[in-house]
file coords21.txt (compact mmCIF, C-alpha atoms)
# COMPACT_ATOMS: atom_id res chain seq x y z
CA MET Q 1 30.41 35.57 27.91
CA SER Q 2 28.28 32.88 29.57
CA TRP Q 3 28.51 29.15 28.82
CA LEU Q 4 25.15 29.31 27.04
CA SER Q 5 26.54 31.95 24.70
CA ARG Q 6 29.56 29.80 23.96
CA ILE Q 7 27.31 26.81 23.09
CA PHE Q 8 24.49 28.47 21.16
CA GLY Q 9 26.35 31.48 19.78
CA THR Q 10 27.04 35.02 20.83
CA ALA Q 11 23.96 37.20 21.17
CA PRO Q 12 23.91 40.42 19.14
CA GLU Q 13 24.51 43.73 20.81
CA PRO Q 14 21.39 45.54 22.02
CA ARG Q 15 19.97 48.09 19.62
CA ALA Q 16 20.12 51.75 20.43
CA THR Q 17 16.38 51.84 20.99
CA GLU Q 18 16.50 49.10 23.65
CA ALA Q 19 16.74 50.07 27.27
CA ALA Q 20 20.10 48.91 28.60
CA THR Q 21 18.91 48.15 32.13
CA PRO Q 22 21.74 46.65 34.21
CA GLY Q 23 21.09 43.01 35.16
CA ARG Q 24 18.14 42.58 32.76
CA THR Q 25 18.19 40.98 29.26
CA PRO Q 26 16.10 42.84 26.65
CA VAL Q 27 13.03 40.86 25.52
CA GLY Q 28 14.03 40.96 21.84
CA ARG Q 29 17.35 39.27 22.54
CA LEU Q 30 15.64 36.27 24.17
CA TRP Q 31 14.47 35.06 20.73
CA THR Q 32 17.48 36.09 18.63
CA ASP Q 33 20.31 34.33 20.42
CA GLY Q 34 21.21 30.68 19.82
CA LEU Q 35 18.91 29.27 22.51
CA GLY Q 36 16.02 31.43 21.33
CA SER Q 37 16.43 30.25 17.75
CA THR Q 38 16.51 26.62 18.94
CA ALA Q 39 13.34 27.17 20.95
CA THR Q 40 11.62 28.75 17.94
CA ARG Q 41 12.52 25.82 15.72
CA ALA Q 42 11.36 23.37 18.37
CA LEU Q 43 8.03 25.19 18.67
CA GLN Q 44 7.61 25.17 14.89
CA LEU Q 45 8.37 21.44 14.79
CA LEU Q 46 5.81 20.75 17.52
CA ILE Q 47 3.17 22.72 15.61
CA VAL Q 48 3.89 20.79 12.39
CA LEU Q 49 3.74 17.45 14.24
CA ALA Q 50 0.46 18.46 15.86
CA ILE Q 51 -1.05 19.37 12.48
CA VAL Q 52 0.14 16.06 10.98
CA ALA Q 53 -1.24 14.12 13.96
CA VAL Q 54 -4.64 15.82 13.67
CA ALA Q 55 -4.68 15.14 9.91
CA VAL Q 56 -3.82 11.45 10.41
CA ILE Q 57 -6.43 11.02 13.15
CA GLY Q 58 -9.01 12.74 10.96
CA MET Q 59 -8.19 10.47 8.02
CA MET Q 60 -8.44 7.39 10.25
CA GLN Q 61 -11.90 8.50 11.33
CA LEU Q 62 -12.94 9.05 7.69
CA THR Q 63 -11.51 5.89 6.13
CA VAL Q 64 -14.94 4.99 4.74
CA VAL Q 65 -14.66 8.12 2.58
CA ILE Q 66 -10.91 8.55 2.03
CA ILE Q 67 -10.08 4.97 0.99
CA PRO Q 68 -12.86 4.74 -1.67
CA VAL Q 69 -11.80 8.12 -3.08
CA LEU Q 70 -8.16 7.01 -3.25
CA LEU Q 71 -9.12 3.74 -4.91
CA ALA Q 72 -11.29 5.61 -7.39
CA LEU Q 73 -8.38 7.95 -8.16
CA ILE Q 74 -6.06 4.98 -8.72
CA PHE Q 75 -8.54 3.21 -11.01
CA ALA Q 76 -9.22 6.43 -12.93
CA SER Q 77 -5.48 7.02 -13.37
CA SER Q 78 -5.08 3.45 -14.64
CA PHE Q 79 -7.81 3.91 -17.26
CA GLU Q 80 -6.71 7.43 -18.23
CA PRO Q 81 -4.93 6.34 -21.47
CA ILE Q 82 -8.03 4.39 -22.57
CA MET Q 83 -10.34 7.30 -21.75
CA ARG Q 84 -8.07 9.73 -23.60
CA TRP Q 85 -7.97 7.44 -26.63
CA MET Q 86 -11.76 7.12 -26.72
CA ARG Q 87 -12.21 10.89 -26.37
CA ASN Q 88 -9.76 11.47 -29.22
CA LYS Q 89 -11.83 9.08 -31.33
CA GLY Q 90 -14.91 11.20 -30.70
CA VAL Q 91 -16.65 8.91 -28.20
CA PRO Q 92 -18.81 10.97 -25.80
CA SER Q 93 -17.55 11.07 -22.21
CA VAL Q 94 -20.68 9.37 -20.85
CA LEU Q 95 -20.42 6.42 -23.25
CA ALA Q 96 -16.67 6.09 -22.67
CA THR Q 97 -17.20 6.11 -18.90
CA ILE Q 98 -19.97 3.51 -19.06
CA ALA Q 99 -17.84 1.28 -21.28
CA ALA Q 100 -14.89 1.50 -18.87
CA LEU Q 101 -17.08 0.76 -15.84
CA LEU Q 102 -18.73 -2.18 -17.60
CA ALA Q 103 -15.29 -3.58 -18.45
CA ILE Q 104 -14.28 -3.34 -14.78
CA VAL Q 105 -17.51 -4.99 -13.61
CA VAL Q 106 -17.25 -7.80 -16.18
CA VAL Q 107 -13.62 -8.56 -15.29
CA LEU Q 108 -14.15 -8.46 -11.51
CA GLY Q 109 -17.44 -10.37 -11.75
CA GLY Q 110 -15.87 -13.03 -13.94
CA ILE Q 111 -12.97 -13.50 -11.54
CA GLY Q 112 -15.35 -13.74 -8.57
CA TRP Q 113 -17.55 -16.29 -10.33
CA LEU Q 114 -14.53 -18.37 -11.34
CA ILE Q 115 -13.20 -18.44 -7.78
CA THR Q 116 -16.61 -19.37 -6.33
CA TRP Q 117 -17.12 -22.14 -8.87
CA GLN Q 118 -13.70 -23.67 -8.26
CA VAL Q 119 -14.00 -23.52 -4.46
CA ARG Q 120 -17.47 -25.11 -4.47
CA ALA Q 121 -16.36 -27.84 -6.86
CA GLN Q 122 -13.27 -28.86 -4.86
CA TRP Q 123 -14.11 -27.85 -1.29
CA ASP Q 124 -15.28 -31.27 -0.06
CA ASP Q 125 -12.17 -33.06 -1.32
CA LEU Q 126 -9.89 -30.35 0.03
CA TYR Q 127 -11.61 -30.44 3.43
CA ALA Q 128 -11.15 -34.21 3.69
CA GLN Q 129 -7.52 -33.95 2.61
CA ALA Q 130 -6.92 -31.13 5.09
CA SER Q 131 -8.35 -33.20 7.92
CA ASP Q 132 -6.10 -36.12 7.01
CA GLY Q 133 -3.11 -33.79 6.72
CA ILE Q 134 -3.73 -32.24 10.13
CA SER Q 135 -4.09 -35.71 11.68
CA LYS Q 136 -0.76 -36.73 10.14
CA VAL Q 137 0.93 -33.58 11.48
CA VAL Q 138 -0.43 -34.28 14.98
CA GLU Q 139 0.78 -37.89 14.81
CA TRP Q 140 4.21 -36.69 13.67
CA VAL Q 141 4.43 -34.20 16.53
CA GLN Q 142 3.35 -36.87 19.04
CA ALA Q 143 6.21 -39.06 17.84
CA LEU Q 144 8.86 -36.44 18.66
CA PRO Q 145 11.25 -37.79 21.31
CA PHE Q 146 11.52 -34.56 23.30
CA LEU Q 147 7.77 -34.13 23.84
CA GLU Q 148 5.74 -36.44 26.00
CA SER Q 149 2.53 -37.68 24.46
CA ASP Q 150 0.46 -37.05 27.61
CA GLU Q 151 1.62 -33.46 27.77
CA LEU Q 152 0.77 -32.93 24.10
CA GLN Q 153 -2.67 -34.44 24.53
CA THR Q 154 -3.31 -32.16 27.50
CA GLN Q 155 -2.26 -29.08 25.53
CA ILE Q 156 -4.43 -30.09 22.55
CA ALA Q 157 -7.40 -30.67 24.82
CA GLU Q 158 -6.90 -27.27 26.44
CA LEU Q 159 -6.67 -25.64 23.04
CA GLN Q 160 -9.87 -27.33 21.90
CA GLU Q 161 -11.67 -26.23 25.06
CA THR Q 162 -10.45 -22.66 24.52
CA VAL Q 163 -11.68 -22.58 20.93
CA ILE Q 164 -15.05 -24.11 21.82
CA GLY Q 165 -15.42 -21.73 24.74
CA PHE Q 166 -14.74 -18.76 22.51
CA LEU Q 167 -17.21 -19.93 19.87
CA THR Q 168 -19.93 -20.32 22.49
CA SER Q 169 -19.16 -17.13 24.38
CA SER Q 170 -20.69 -13.70 24.04
CA GLN Q 171 -17.40 -12.40 22.60
CA PHE Q 172 -17.93 -14.47 19.46
CA GLY Q 173 -21.44 -13.05 19.09
CA SER Q 174 -20.12 -9.51 19.42
CA GLY Q 175 -17.43 -10.35 16.89
CA ALA Q 176 -20.08 -11.58 14.48
CA ILE Q 177 -22.00 -8.34 14.97
CA ALA Q 178 -18.79 -6.40 14.33
CA GLY Q 179 -18.33 -8.46 11.18
CA VAL Q 180 -21.79 -7.43 9.99
CA GLY Q 181 -20.86 -3.79 10.63
CA ALA Q 182 -17.62 -4.24 8.68
CA ALA Q 183 -19.56 -5.76 5.80
CA ALA Q 184 -21.94 -2.80 5.81
CA ASN Q 185 -18.98 -0.39 5.74
CA PHE Q 186 -17.48 -2.36 2.87
CA VAL Q 187 -20.68 -2.14 0.82
CA THR Q 188 -20.94 1.59 1.57
CA GLY Q 189 -17.34 2.18 0.53
CA LEU Q 190 -17.79 0.08 -2.62
CA VAL Q 191 -20.85 2.05 -3.73
CA LEU Q 192 -19.08 5.34 -2.96
CA MET Q 193 -16.00 4.24 -4.91
CA ILE Q 194 -18.09 3.32 -7.97
CA VAL Q 195 -19.91 6.67 -7.92
CA VAL Q 196 -16.68 8.66 -7.44
CA LEU Q 197 -14.95 6.60 -10.12
CA PHE Q 198 -17.77 7.36 -12.55
CA PHE Q 199 -17.31 11.11 -12.10
CA PHE Q 200 -13.50 10.86 -12.17
CA LEU Q 201 -13.65 9.02 -15.48
CA LYS Q 202 -16.33 11.26 -16.95
CA ASP Q 203 -15.27 14.71 -15.69
CA GLY Q 204 -11.71 14.19 -14.49
CA PRO Q 205 -10.09 17.03 -16.51
CA GLN Q 206 -12.89 19.46 -15.60
CA ILE Q 207 -12.66 18.58 -11.90
CA TRP Q 208 -8.90 19.16 -11.96
CA GLU Q 209 -9.25 22.52 -13.70
CA PHE Q 210 -11.80 23.57 -11.08
CA LEU Q 211 -9.34 22.69 -8.31
CA MET Q 212 -6.64 24.72 -10.07
CA ARG Q 213 -8.60 27.99 -10.02
CA PRO Q 214 -6.94 29.40 -6.85
CA PHE Q 215 -3.45 29.06 -8.42
CA THR Q 216 -1.80 31.55 -10.77
CA GLY Q 217 1.58 31.95 -12.41
CA GLU Q 218 4.29 29.61 -11.13
CA GLY Q 219 1.88 28.11 -8.61
CA TYR Q 220 -0.49 27.11 -11.43
CA ALA Q 221 2.35 25.59 -13.46
CA ARG Q 222 3.57 23.64 -10.42
CA ALA Q 223 0.05 22.38 -9.68
CA GLN Q 224 -0.27 21.20 -13.28
CA ARG Q 225 3.03 19.35 -13.04
CA VAL Q 226 1.96 17.75 -9.76
CA GLY Q 227 -1.38 16.63 -11.18
CA SER Q 228 0.14 15.19 -14.35
CA LYS Q 229 2.84 13.39 -12.39
CA THR Q 230 0.30 11.96 -9.96
CA VAL Q 231 -1.87 10.50 -12.72
CA GLU Q 232 1.17 9.23 -14.60
CA THR Q 233 2.71 7.61 -11.51
CA LEU Q 234 -0.50 6.00 -10.23
CA GLY Q 235 -1.49 4.74 -13.66
CA GLY Q 236 1.98 3.43 -14.48
CA TYR Q 237 2.34 1.77 -11.09
CA VAL Q 238 -1.01 -0.02 -11.25
CA ARG Q 239 -0.67 -1.10 -14.89
CA GLY Q 240 2.89 -2.29 -14.34
CA THR Q 241 2.05 -4.12 -11.12
CA ALA Q 242 -0.98 -5.75 -12.76
CA THR Q 243 1.19 -6.96 -15.65
CA VAL Q 244 3.81 -8.41 -13.32
CA ALA Q 245 1.14 -9.95 -11.09
CA ALA Q 246 -0.56 -11.56 -14.09
CA VAL Q 247 2.70 -13.14 -15.23
CA ASP Q 248 3.34 -14.42 -11.69
CA ALA Q 249 -0.16 -15.85 -11.41
CA ILE Q 250 0.04 -17.58 -14.81
CA GLY Q 251 3.46 -19.07 -14.04
CA ILE Q 252 2.37 -20.43 -10.66
CA LEU Q 253 -0.96 -21.61 -12.12
CA ILE Q 254 0.90 -23.71 -14.71
CA GLY Q 255 2.95 -25.32 -11.94
CA LEU Q 256 -0.15 -26.02 -9.83
CA LEU Q 257 -1.95 -27.59 -12.79
CA ILE Q 258 1.06 -29.74 -13.71
CA PHE Q 259 1.23 -31.21 -10.19
CA GLN Q 260 -2.59 -31.39 -9.95
CA VAL Q 261 -2.84 -29.26 -6.83
CA PRO Q 262 -6.48 -28.56 -5.90
CA LEU Q 263 -7.87 -25.01 -6.01
CA ALA Q 264 -5.25 -24.06 -8.59
CA ILE Q 265 -7.30 -21.23 -10.13
CA PRO Q 266 -8.29 -19.60 -6.79
CA LEU Q 267 -4.68 -19.81 -5.63
CA ALA Q 268 -3.50 -18.20 -8.87
CA VAL Q 269 -6.02 -15.38 -8.41
CA LEU Q 270 -4.79 -14.97 -4.84
CA VAL Q 271 -1.22 -14.73 -6.15
CA PHE Q 272 -2.37 -11.98 -8.53
CA LEU Q 273 -4.10 -10.00 -5.77
CA LEU Q 274 -1.33 -10.35 -3.18
CA ALA Q 275 1.25 -9.20 -5.73
CA PHE Q 276 -0.09 -5.66 -5.15
CA ILE Q 277 1.42 -5.83 -1.63
CA PRO Q 278 5.18 -5.41 -2.23
CA LEU Q 279 7.83 -7.51 -0.51
CA VAL Q 280 5.47 -9.72 1.50
CA GLY Q 281 2.60 -10.39 -0.92
CA ALA Q 282 4.42 -12.87 -3.15
CA THR Q 283 5.88 -14.66 -0.12
CA VAL Q 284 2.49 -15.08 1.53
CA ALA Q 285 0.93 -16.34 -1.70
CA GLY Q 286 3.75 -18.86 -2.16
CA ILE Q 287 3.35 -20.11 1.41
CA LEU Q 288 -0.39 -20.62 0.93
CA ALA Q 289 0.12 -22.49 -2.34
CA ALA Q 290 2.78 -24.70 -0.71
CA LEU Q 291 0.52 -25.44 2.27
CA VAL Q 292 -2.34 -26.52 0.02
CA ALA Q 293 0.05 -28.74 -1.95
CA LEU Q 294 1.42 -30.17 1.31
CA VAL Q 295 -2.02 -31.06 2.61
CA ALA Q 296 -3.36 -32.42 -0.67
CA ASN Q 297 -0.31 -33.90 -2.46
CA GLY Q 298 2.46 -34.45 0.07
CA TRP Q 299 5.96 -33.16 0.80
CA LEU Q 300 7.53 -33.68 -2.62
CA VAL Q 301 4.86 -31.72 -4.49
CA ALA Q 302 4.97 -28.98 -1.84
CA LEU Q 303 8.73 -28.62 -2.30
CA ALA Q 304 8.25 -28.51 -6.07
CA ILE Q 305 5.66 -25.72 -5.68
CA VAL Q 306 8.08 -23.80 -3.45
CA GLY Q 307 10.74 -24.12 -6.15
CA ILE Q 308 8.33 -22.85 -8.81
CA VAL Q 309 7.34 -19.86 -6.64
CA VAL Q 310 11.00 -18.98 -6.02
CA LEU Q 311 11.82 -19.28 -9.73
CA VAL Q 312 8.88 -17.08 -10.77
CA ASN Q 313 9.76 -14.46 -8.14
CA GLN Q 314 13.38 -14.38 -9.30
CA LEU Q 315 12.36 -13.90 -12.92
CA GLU Q 316 9.98 -11.14 -11.86
CA GLY Q 317 12.45 -9.27 -9.66
CA ASN Q 318 15.47 -9.50 -11.96
CA PHE Q 319 13.92 -9.19 -15.40
CA LEU Q 320 10.22 -8.43 -15.69
CA GLN Q 321 9.75 -5.76 -13.02
CA PRO Q 322 12.66 -3.49 -14.10
CA VAL Q 323 11.44 -3.64 -17.72
CA VAL Q 324 7.72 -3.16 -17.05
CA MET Q 325 7.78 -0.79 -14.09
CA GLY Q 326 10.68 1.34 -15.28
CA ARG Q 327 13.27 3.19 -13.27
CA SER Q 328 11.00 6.14 -12.54
CA LEU Q 329 8.72 4.08 -10.29
CA LYS Q 330 11.46 2.22 -8.50
CA LEU Q 331 11.66 2.97 -4.78
CA HIS Q 332 14.33 1.81 -2.38
CA ALA Q 333 13.42 -1.35 -0.47
CA LEU Q 334 13.75 0.51 2.85
CA VAL Q 335 11.27 3.17 1.69
CA ILE Q 336 8.85 0.45 0.57
CA LEU Q 337 9.17 -1.36 3.90
CA ILE Q 338 8.54 1.79 5.96
CA ALA Q 339 5.60 2.84 3.76
CA LEU Q 340 4.18 -0.68 3.93
CA THR Q 341 4.42 -0.74 7.72
CA VAL Q 342 2.83 2.69 8.16
CA GLY Q 343 0.06 1.87 5.69
CA THR Q 344 -0.69 -1.45 7.40
CA VAL Q 345 -0.87 0.18 10.84
CA LEU Q 346 -3.16 2.98 9.64
CA GLY Q 347 -5.37 1.12 7.15
CA GLY Q 348 -4.86 -2.62 7.49
CA ILE Q 349 -4.70 -4.62 4.26
CA VAL Q 350 -6.11 -1.76 2.19
CA GLY Q 351 -3.51 0.57 3.69
CA ALA Q 352 -0.77 -1.91 2.78
CA VAL Q 353 -2.00 -1.94 -0.83
CA LEU Q 354 -2.25 1.87 -1.04
CA SER Q 355 0.94 2.74 0.84
CA VAL Q 356 3.47 2.08 -1.93
CA PRO Q 357 1.63 3.92 -4.75
CA VAL Q 358 1.11 6.88 -2.39
CA ALA Q 359 4.85 6.86 -1.58
CA ALA Q 360 5.64 6.63 -5.30
CA VAL Q 361 3.39 9.63 -5.97
CA ALA Q 362 5.08 11.63 -3.20
CA TRP Q 363 8.51 10.91 -4.66
CA GLY Q 364 7.29 11.72 -8.16
CA VAL Q 365 5.89 15.07 -6.98
CA ILE Q 366 9.25 15.90 -5.39
CA GLN Q 367 10.97 15.15 -8.71
CA VAL Q 368 8.93 17.80 -10.58
CA TRP Q 369 8.44 20.35 -7.80
CA ASP Q 370 10.66 23.09 -9.27
CA GLY Q 371 10.48 22.09 -12.94
CA GLU Q 372 9.69 19.33 -15.40
CA ASN Q 373 12.99 17.60 -14.59
CA LEU Q 374 14.04 19.69 -11.59
CA PRO Q 375 13.45 18.22 -8.12
CA ALA Q 376 12.78 20.29 -5.04
CA LYS Q 377 15.91 22.11 -3.89
CA MET Q 378 16.49 20.11 -0.71
CA PHE Q 379 16.21 16.81 -2.64
CA ARG Q 380 18.59 17.65 -5.48
CA LYS Q 381 21.71 15.60 -5.88
CA LYS Q 382 24.70 17.32 -4.31
CA VAL Q 383 27.81 17.80 -6.44
CA ARG Q 384 30.97 16.79 -4.61
CA VAL Q 385 34.00 19.02 -4.51
CA GLY Q 386 36.15 18.41 -7.57
CA GLU Q 387 33.28 16.92 -9.65
CA ARG Q 388 31.98 18.66 -12.74
call {"tool": "encode", "arguments": {"input": "coords21.txt", "output": "structure tokens"}}
result
Amino acid sequence: MSWLSRIFGTAPEPRATEAATPGRTPVGRLWTDGLGSTATRALQLLIVLAIVAVAVIGMMQLTVVIIPVLLALIFASSFEPIMRWMRNKGVPSVLATIAALLAIVVVLGGIGWLITWQVRAQWDDLYAQASDGISKVVEWVQALPFLESDELQTQIAELQETVIGFLTSSQFGSGAIAGVGAAANFVTGLVLMIVVLFFFLKDGPQIWEFLMRPFTGEGYARAQRVGSKTVETLGGYVRGTATVAAVDAIGILIGLLIFQVPLAIPLAVLVFLLAFIPLVGATVAGILAALVALVANGWLVALAIVGIVVLVNQLEGNFLQPVVMGRSLKLHALVILIALTVGTVLGGIVGAVLSVPVAAVAWGVIQVWDGENLPAKMFRKKVRVGER
């Protein structure tokens, strides 16, 4: 017995039909011994990784299509209870869809108008306060004992020259052109999302039944469970996150108004939007609010805003989120972090927003793969020896 046989297992005896040629291993045995099985598994793994890589690259090339469709699916799942209620009341699908779309447009348009109005009304004062705040920070840094003033002035001058050189270079012009292209892609994606959302809201059940036609028997039942769980998970996640984000935004808005921090309403809206990015969204929003308070109102108000942000986040994490989101949508922090990182790398900010609901859907699908309350076999909880 060779050392390979001892490591990978003993090869089976040659069959009677195989030619037992001395000094030559039959071809069939090359893929049935331990090393052959390992090579087969490795080849299968490489094929799966290649398929996944091609799929990811394809999705990255089609983000203008895939991201609007995903957003439309998420919005449609969020409004599914309202659409079902209106259909049960006898409202035609077209009228119910138009009403839902108008509600979305009115809400988003109202928020956009409110932000624009507040920024325009307070921008001049905030700009002047920011300039004074930056000057104070520079003076404070210049007064540090371990940094020579001449050296600091030289570094600041070099930084200013670098910024001015970039703004007057051809790279800035190409960046502006790229920004115009990004704006065009955004408008295209927005129009596509609205159109797809209209058809998802209007004909969602019919579209799903059409996609289910290739399945029969157990496959059809599994596909139905997967579809129901996807809509339930996406809708519950978005509605729960929106509720938590609204409470966060209102709590921080009250604190900003009490301490008369400028741009309180735009900052509160920003808190609401960033709350859809788990783990880091609330932190970033709190930092921005504290920076505005620092520039406009000073250190004491900034510290007070930080305390308010921490208090609101603690109330959200320990009380509101477990009650609103429920246990079924709760993912481990490590899973959220990995999904957030992958989504950010693949899709930027939009990918960061979509990564966690997609991960929640994947986990929800696993939970109903073999039955209504029966997870996939490899993900079932193992019973330890001695437990009943």
call {"tool": "closest_residue", "arguments": {"input": "coords21.txt", "among": "Q:Leu311, Q:Ala352, Q:Ala121, Q:Leu201", "to": "Q:Leu263", "atoms": "only C-alpha atoms"}}
result
Q:Ala121
call {"tool": "atom_distance", "arguments": {"input": "coords21.txt", "atom1": "atom CA of Q:Val238", "atom2": "atom CA of Q:Phe276"}}
result
8.4 Å
call {"tool": "axis_aligned_box", "arguments": {"input": "coords21.txt", "around": "stretch 264-267 of chain Q", "padding_each_side": "5 Å", "output": "lines of an AutoDock Vina configuration file"}}
result
center_x = -6.5
center_y = -21.8
center_z = -7.9
size_x = 13.6
size_y = 14.5
size_z = 14.5
call {"tool": "atom_distance", "arguments": {"input": "coords21.txt", "atom1": "atom CA of Q:Thr241", "atom2": "atom CA of Q:Leu257"}}
result
23.9 Å
call {"tool": "residues_around", "arguments": {"input": "coords21.txt", "residues": "Q:Leu256", "least_positions_apart": "3", "cutoff": "10 Å", "atoms": "all atoms listed in the file", "output": "list in words"}}
result
Ile250, Gly251, Ile252, Leu253, Phe259, Gln260, Val261, Pro262, Leu263, Ala264, Ile265, Leu267, Ala268, Ala289, Ala290, Ala293, Val301, Ala302, Ala304, Ile305 and Ile308 of chain Q
call {"tool": "atom_distance", "arguments": {"input": "coords21.txt", "atom1": "atom CA of Q:Val365", "atom2": "atom CA of Q:Phe198"}}
result
25.5 Å
call {"tool": "residues_around", "arguments": {"input": "coords21.txt", "residues": "Q:Thr230", "least_positions_apart": "3", "cutoff": "10 Å", "atoms": "all atoms listed in the file", "output": "list in words"}}
result
Leu73, Ile74, Ser77, Gln224, Arg225, Val226, Gly227, Thr233, Leu234, Gly235, Gly236, Pro357, Val358, Ala360, Val361, Ala362, Trp363, Gly364 and Val365 of chain Q
call {"tool": "residues_around", "arguments": {"input": "coords21.txt", "residues": "Q:Thr344", "least_positions_apart": "6", "cutoff": "12 Å", "atoms": "only C-alpha atoms", "output": "ChimeraX atom specification"}}
result
/Q:277-278,280,336-338,350-356
call {"tool": "residues_around", "arguments": {"input": "coords21.txt", "residues": "stretch 50-56 of chain Q", "least_positions_apart": "2", "cutoff": "12 Å", "atoms": "all atoms listed in the file", "output": "VMD selection string"}}
result
chain Q and resid 43 to 48 58 to 63 66 342 to 343 345 to 347
